[in-house]
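Notes to accompany the following structure.
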Amino acid sequence: MILIAGLGMQLVEWPESLLENLRQSYCVVQLDNRDMGLSERLGRSYSALPEGFHWTRPHGATAPYHLKDMALDALALADHLNVGRFSVIGFSMGGMIAQQMSILAPERVIALASLCSADGCPVANGSDENTDMLTRFFVPPKDRAGQEQLFCESAAFYSHGAEAADAPATQAAARVLLDRLDEGGGDAGGYMRQALAITDSPCWDHELSKVLAPAFVAHGAEDPCLPVALGHRAADRLPRAELHIYENTGHWISARCVADLCAWLEKTELMHPEVAV
């Protein structure tokens, strides 16, 4: 089971309840995407947004790499680990990468879970508040206190209030993530380059019909980043999709989503024993 993290996320950010459940049945592989966590940084920090860049519409800023390249990274990791066939779970940008993996190597992907992700077109019209929040990450604060505050406010915003910005657990998690990010070389423009990879990637919606694997598509009804309509369209385009929409949920993996995903994997495994990979 390969887990693909979202924009600016690190491999340690998956819900522990999900990891505990998956590890009972699968060999779980978590990875830091290029330019994040402990993975190599592929450029320098940005002092301002690249000229022409816009989050919610096509733009003229050129990306140094695309989502397809990140999908090839994950497939190369599977090769390195001698894993021929696997299931894959992706959140947000990670769901886009997981979809690309399922298109590039349909014979290898046994089951696909696309959580709070796209419908085959990477540029989406989220809320103005989401654009403001992301822009703060694209050119992050230089001081540690400002960085911690941004991480905490982000958790509260995207969880639709499930996590409080001033909660000790939220603040402790922010410190852990920033310590790990610093260990990997700091932001160093990685968040911005991943955003460019998303917004500069060509649409792949016409290729989703090629995905052979059963798919679990989940979305929060109040997602401010990637609107819930994208989840509906993704499920329509994936031939073997099961759609789950969660009320009062933002851009977040809720406890209900974890339970439903694990139940779906168990059901899918019973119908397709090879899924337990």
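Ordered as shown in the structure tokens, chains take letters A, B, and onward, while each chain numbers its residues from 1 and ligands are numbered from 1 in the order shown.
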Skip Trp14 (chain A) itself and residues of its chain fewer than 2 positions away, then list as an mmCIF file with C-alpha atoms, in the first residue's frame all residues within 12 Å of it, counting only C-alpha atoms.
```cif
data_model
loop_
_atom_site.group_PDB
_atom_site.id
_atom_site.type_symbol
_atom_site.label_atom_id
_atom_site.label_comp_id
_atom_site.auth_asym_id
_atom_site.auth_seq_id
_atom_site.Cartn_x
_atom_site.Cartn_y
_atom_site.Cartn_z
ATOM 1 C CA ILE A 2 1.603 3.264 -1.166
ATOM 2 C CA LEU A 3 0.503 6.531 0.460
ATOM 3 C CA ILE A 4 1.005 9.747 -1.547
ATOM 4 C CA ALA A 5 0.884 13.004 0.432
ATOM 5 C CA GLY A 6 -0.604 16.288 -0.736
ATOM 6 C CA MET A 9 2.650 17.673 3.175
ATOM 7 C CA GLN A 10 5.121 15.270 4.722
ATOM 8 C CA LEU A 11 4.875 11.508 5.054
ATOM 9 C CA VAL A 12 4.286 11.791 8.819
ATOM 10 C CA GLU A 16 -2.468 7.458 12.887
ATOM 11 C CA SER A 17 -5.805 5.615 12.946
ATOM 12 C CA LEU A 18 -5.489 5.016 9.201
ATOM 13 C CA LEU A 19 -1.897 3.801 9.481
ATOM 14 C CA GLU A 20 -2.703 1.447 12.357
ATOM 15 C CA ASN A 21 -5.559 -0.115 10.408
ATOM 16 C CA LEU A 22 -3.630 -0.444 7.153
ATOM 17 C CA VAL A 28 2.583 0.343 4.063
ATOM 18 C CA VAL A 29 4.948 2.624 2.135
ATOM 19 C CA GLN A 30 4.881 6.351 2.948
ATOM 20 C CA LEU A 31 7.020 8.778 0.985
ATOM 21 C CA ASP A 32 7.952 12.433 0.922
ATOM 22 C CA ILE A 89 -3.997 6.133 -1.486
ATOM 23 C CA GLY A 90 -3.503 9.797 -2.332
ATOM 24 C CA PHE A 91 -4.716 12.937 -0.563
ATOM 25 C CA GLY A 94 -1.396 13.043 -3.768
ATOM 26 C CA LEU A 115 -9.197 11.689 -1.179
ATOM 27 C CA ALA A 173 2.211 18.842 15.580
ATOM 28 C CA TRP A 252 -9.331 16.832 5.580
ATOM 29 C CA ILE A 253 -9.272 13.095 6.251
ATOM 30 C CA SER A 254 -11.980 12.672 8.859
ATOM 31 C CA ALA A 255 -12.445 9.725 11.207
ATOM 32 C CA VAL A 258 -10.842 6.517 7.613
#
```
Hey, which bits of region 97-157 of chain A sit within 12 Å of region 199-220 of chain A, and for each residue what's the closest pair of atoms and how far apart in Å (one decimal), counting only C-alpha atoms, rows by chain and increasing number, as CSV?
```
residue,atom,partner,partner_atom,distance
A:Ile97,CA,A:Trp204,CA,10.9
A:Ala98,CA,A:Ala215,CA,10.7
A:Gln99,CA,A:Leu208,CA,7.5
A:Gln100,CA,A:Trp204,CA,7.9
A:Met101,CA,A:Val211,CA,9.4
A:Ser102,CA,A:Val211,CA,5.7
A:Ile103,CA,A:Val211,CA,5.7
A:Leu104,CA,A:Val211,CA,9.1
A:Ala105,CA,A:Val211,CA,8.9
A:Pro106,CA,A:Val211,CA,6.0
A:Glu107,CA,A:Leu212,CA,7.7
A:Arg108,CA,A:Ala213,CA,9.2
A:Val109,CA,A:Ala213,CA,6.4
A:Ile110,CA,A:Ala213,CA,5.4
A:Ala111,CA,A:Ala213,CA,5.0
A:Leu112,CA,A:Ala215,CA,4.7
A:Ala113,CA,A:Phe216,CA,4.5
A:Ser114,CA,A:Val217,CA,5.0
A:Leu115,CA,A:Ala218,CA,4.8
A:Cys116,CA,A:His219,CA,4.5
A:Ser117,CA,A:His219,CA,7.4
A:Ala118,CA,A:Asp205,CA,9.2
A:Asp119,CA,A:Asp205,CA,6.3
A:Gly120,CA,A:Asp205,CA,3.7
A:Cys121,CA,A:Cys203,CA,4.5
A:Pro122,CA,A:Thr199,CA,5.8
A:Val123,CA,A:Thr199,CA,5.5
A:Ala124,CA,A:Thr199,CA,8.9
A:Asn125,CA,A:Thr199,CA,11.6
```
Those same residues - C-alpha atoms - I'd like them written as a tab-separated table (two decimals), in the first residue's frame.
```tsv
chain	number	residue	atom	x	y	z
A	97	ILE	CA	-0.48	11.73	-8.45
A	98	ALA	CA	-2.23	8.45	-7.58
A	99	GLN	CA	-4.61	8.96	-10.51
A	100	GLN	CA	-1.62	9.55	-12.80
A	101	MET	CA	0.03	6.38	-11.50
A	102	SER	CA	-3.16	4.46	-12.29
A	103	ILE	CA	-3.08	5.81	-15.85
A	104	LEU	CA	0.65	5.27	-16.39
A	105	ALA	CA	0.68	1.73	-14.97
A	106	PRO	CA	-2.90	0.38	-14.93
A	107	GLU	CA	-1.61	-3.19	-14.76
A	108	ARG	CA	0.22	-2.43	-11.48
A	109	VAL	CA	-2.41	-0.46	-9.53
A	110	ILE	CA	-4.80	-2.86	-7.83
A	111	ALA	CA	-6.93	-0.36	-5.91
A	112	LEU	CA	-7.02	3.45	-5.91
A	113	ALA	CA	-8.22	5.83	-3.19
A	114	SER	CA	-8.46	9.49	-4.21
A	115	LEU	CA	-9.20	11.69	-1.18
A	116	CYS	CA	-10.19	15.38	-1.45
A	117	SER	CA	-8.60	15.52	-4.87
A	118	ALA	CA	-9.19	16.57	-8.47
A	119	ASP	CA	-11.31	15.36	-11.37
A	120	GLY	CA	-8.53	15.21	-13.94
A	121	CYS	CA	-7.97	18.96	-14.26
A	122	PRO	CA	-5.48	20.38	-11.75
A	123	VAL	CA	-6.62	24.04	-11.66
A	124	ALA	CA	-9.69	24.48	-9.46
A	125	ASN	CA	-11.63	27.49	-8.21
```
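Around Thr249 (chain A), within 6 Å and counting only C-alpha atoms, the residues found are His160, Gly220, Ala221 and Glu222 of chain A, once anything fewer than 5 positions away on its own chain is removed.
The space between CA of Cys152 (chain A) and CA of Ala164 (chain A) spans 7.7 Å.
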Would you give me, as an mmCIF file with N, CA and C atoms, in the first residue's frame, the residues in region 39-210 of chain A that DSSP reads as strand (DSSP E)?
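The new file out.cif reads:
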```cif
data_model
loop_
_atom_site.group_PDB
_atom_site.id
_atom_site.type_symbol
_atom_site.label_atom_id
_atom_site.label_comp_id
_atom_site.auth_asym_id
_atom_site.auth_seq_id
_atom_site.Cartn_x
_atom_site.Cartn_y
_atom_site.Cartn_z
ATOM 1 N N PHE A 86 0.422 -3.006 -6.507
ATOM 2 C CA PHE A 86 0.181 -2.331 -5.230
ATOM 3 C C PHE A 86 -1.152 -1.594 -5.280
ATOM 4 N N SER A 87 -1.635 -1.241 -4.102
ATOM 5 C CA SER A 87 -2.752 -0.313 -3.972
ATOM 6 C C SER A 87 -2.173 1.051 -3.606
ATOM 7 N N VAL A 88 -2.906 2.115 -3.892
ATOM 8 C CA VAL A 88 -2.375 3.458 -3.652
ATOM 9 C C VAL A 88 -3.474 4.363 -3.105
ATOM 10 N N ILE A 89 -3.111 5.134 -2.083
ATOM 11 C CA ILE A 89 -3.997 6.133 -1.486
ATOM 12 C C ILE A 89 -3.325 7.487 -1.644
ATOM 13 N N GLY A 90 -4.050 8.461 -2.186
ATOM 14 C CA GLY A 90 -3.503 9.797 -2.332
ATOM 15 C C GLY A 90 -4.459 10.839 -1.798
ATOM 16 N N PHE A 91 -3.911 11.837 -1.103
ATOM 17 C CA PHE A 91 -4.716 12.937 -0.563
ATOM 18 C C PHE A 91 -4.391 14.218 -1.320
ATOM 19 N N VAL A 109 -1.580 -1.033 -10.596
ATOM 20 C CA VAL A 109 -2.406 -0.460 -9.529
ATOM 21 C C VAL A 109 -3.639 -1.329 -9.328
ATOM 22 N N ILE A 110 -3.726 -1.918 -8.135
ATOM 23 C CA ILE A 110 -4.802 -2.863 -7.833
ATOM 24 C C ILE A 110 -6.037 -2.151 -7.299
ATOM 25 N N ALA A 111 -5.831 -1.145 -6.457
ATOM 26 C CA ALA A 111 -6.933 -0.362 -5.905
ATOM 27 C C ALA A 111 -6.450 1.067 -5.720
ATOM 28 N N LEU A 112 -7.344 2.030 -5.971
ATOM 29 C CA LEU A 112 -7.019 3.454 -5.915
ATOM 30 C C LEU A 112 -7.964 4.155 -4.956
ATOM 31 N N ALA A 113 -7.408 4.959 -4.045
ATOM 32 C CA ALA A 113 -8.217 5.832 -3.194
ATOM 33 C C ALA A 113 -7.780 7.267 -3.444
ATOM 34 N N SER A 114 -8.713 8.085 -3.888
ATOM 35 C CA SER A 114 -8.458 9.490 -4.206
ATOM 36 C C SER A 114 -9.253 10.342 -3.225
ATOM 37 N N LEU A 115 -8.557 10.986 -2.287
ATOM 38 C CA LEU A 115 -9.197 11.689 -1.179
ATOM 39 C C LEU A 115 -9.063 13.200 -1.350
#
```
